[in-house]
Amino acid sequence: MNLKSEKLNCMNTIHALRKSTVLTILSAGLMSWSCAASAQSSIAPPPSFPVTPPAVQDSEANNEMNVFNPEASVLYSPGAPQPAEPFRFGILNLRPHPYYRFLYGTGILSGTNQAQNTFINQISPGVLLEIGSHWTLDYTPTWSFYSNNHFHDSLDHAVTLTGGTSYEDWTFGLSQGFTLTSDPMVETATQTSQQTYTTALNASCQLNSKMSTDLGLGQSIISADNFNSSREWSTLDWLNYQFWPRLVVGVGVGFGYVNVDTGSDMTYEQLQTRVAWRATDKISFLIHAGGEDRQFLDGSTSDLLNPVFGAAIQYQPFEQTKISISADRTVAASYFANPAVNTDFTADLNQRLLGKLFLDLQGGYNIVKYVDSTAGASANREDDLYTVGVQLSYTFIERGKIAAFYQASKNSSTQSGFGYSSSQVGFEISYSY
């Protein structure tokens, strides 16, 4: 929908730092705040399913900040023929999206300095409920079964309520999410149970033929067993000016307050600019950059001044080929007493090979610096995570997909016990009505 998605899809990001997610996060631009910056699962990401209501997606397609070509795999495509609806009952429409994955992984940490090999079976009978054209409610449970007894089997839950409407020149959006997960995490080097609650309210208005504004409020509550929990409230508001039909420039001001169980509570202010430019029908850019001043409320630690930025480039030289490159830098609370500065770079090549056969190549580099809020904001731990992956998928019966994948990742940490090297291979089957 807009940059609010960065928070609303926080747990999806934990499961999957994918190109499509990054472009969605960057492409709209209402709000920008981050979940636990390094909170990434060390397991290869499962697929994600869109939850945006049809009416809201129509608004997104006409959003001046949306300069990217849409993903071919989205559940709804404005103007395109819609799939059959065998589970429609008046204004209610059920869209099941069952999913199964088998994975074998090596080098997965069950604790510091404890790399394990394991088979993982995951079953996810998710269902999306459309309520008219303005609301969706998605519930996705996921059972995970590990062959290695150093990990415990788990049942995860993800619930997302999304809605939106328009009135005259205004467009309004609301999203409420809840997730309960228990994945092996890069940051904690162990299987970590956590609950996340996210809320986002946003509004945008076309002020005149050239100027528009985007306003947003957000809340995030993350509770992690045996680790630091946090609560964040924030806003980031934009004033945009359209210089040409394909070029929009905006200025944004943001504020936030972070309350943590361990360490220092924080406040912060941001000033950013952004540019959305569809240079040609084949290449598009979206860039936002600025600075953040973060204050630590406990103790006499000096402010933490940091650049923050995000960028995404999409190049589609042919209908069957899409290349995406993105970068992002944020500051956020971590699962430890210290906040984390997260810098991330990703690249993706998606190629249709033969009709219904698709090849997806992904690569990423993630740098996380954990800042000591009691020692002059110096770094006391730094992680460097490299990830490469390849997936070959085949679509069947219109809405089904079967895919084989391989992912290799390596994390180097200045703190002993958190580094690892992992290889994961497997296959997955999914279907979405």
# chains A, B, ... in the order shown; residues from 1 in each chain; ligands from 1
>>> residues_around(residues="Gly250 in chain A", least_positions_apart="3", cutoff="6 Å", atoms="only C-alpha atoms", output="PyMOL selection string")
chain A and resi 239-240+273-274
>>> closest_atom_pairs(of="range 324-413 of chain A", to="range 252-263 of chain A", cutoff="8 Å", atoms="only C-alpha atoms", output="CSV")
residue,atom,partner,partner_atom,distance
A:Ala333,CA,A:Val258,CA,7.6
A:Phe336,CA,A:Thr262,CA,7.4
A:Ala337,CA,A:Gly263,CA,4.5
A:Asn338,CA,A:Gly263,CA,6.4
A:Ser373,CA,A:Gly263,CA,7.5
>>> closest_residue(among="A:Ile313, A:Gly216, A:Lys410, A:Pro45", to="Ser204 in chain A", atoms="only C-alpha atoms")
A:Gly216
>>> closest_atom_pairs(of="range 181-221 of chain A", to="range 380-383 of chain A", cutoff="12 Å", atoms="only C-alpha atoms", output="JSON lines")
{"residue": "A:Val186", "atom": "CA", "partner": "A:Asp383", "partner_atom": "CA", "distance": 9.3}
{"residue": "A:Glu187", "atom": "CA", "partner": "A:Asp383", "partner_atom": "CA", "distance": 8.6}
{"residue": "A:Thr188", "atom": "CA", "partner": "A:Asp383", "partner_atom": "CA", "distance": 11.5}
{"residue": "A:Ala189", "atom": "CA", "partner": "A:Asp383", "partner_atom": "CA", "distance": 11.7}
>>> residues_around(residues="Ser393 in chain A", least_positions_apart="5", cutoff="10 Å", atoms="only C-alpha atoms", output="PyMOL selection string")
chain A and resi 352+356-360+401-405+427-429
>>> atom_distance(atom1="CA of Tyr100 in chain A", atom2="CA of Val390 in chain A")
18.4 Å
>>> select_by_dssp(residues="range 42-247 of chain A", states="alpha helix (DSSP H)", output="VMD selection string")
chain A and resid 54 to 61
>>> closest_atom_pairs(of="range 181-214 of chain A", to="range 224-234 of chain A", cutoff="9 Å", atoms="only C-alpha atoms", output="tab-separated table")
residue	atom	partner	partner_atom	distance
A:Thr188	CA	A:Phe227	CA	8.4
A:Thr192	CA	A:Asp225	CA	6.9
A:Ser193	CA	A:Asp225	CA	5.6
A:Gln194	CA	A:Ala224	CA	4.1
A:Gln195	CA	A:Ala224	CA	6.4
A:Thr196	CA	A:Ala224	CA	8.6
>>> write_last_selection(atoms="C-alpha atoms", output="PDB file, in the first residue's frame")
ATOM      1  CA  THR A 188      19.486 -14.468  18.718  1.00  0.00           C
ATOM      2  CA  THR A 192      12.988 -17.714  19.428  1.00  0.00           C
ATOM      3  CA  SER A 193       9.311 -17.467  20.367  1.00  0.00           C
ATOM      4  CA  GLN A 194       7.841 -14.008  19.836  1.00  0.00           C
ATOM      5  CA  GLN A 195       4.545 -12.202  19.490  1.00  0.00           C
ATOM      6  CA  THR A 196       4.126  -9.125  17.325  1.00  0.00           C
TER       7      THR A 196
END
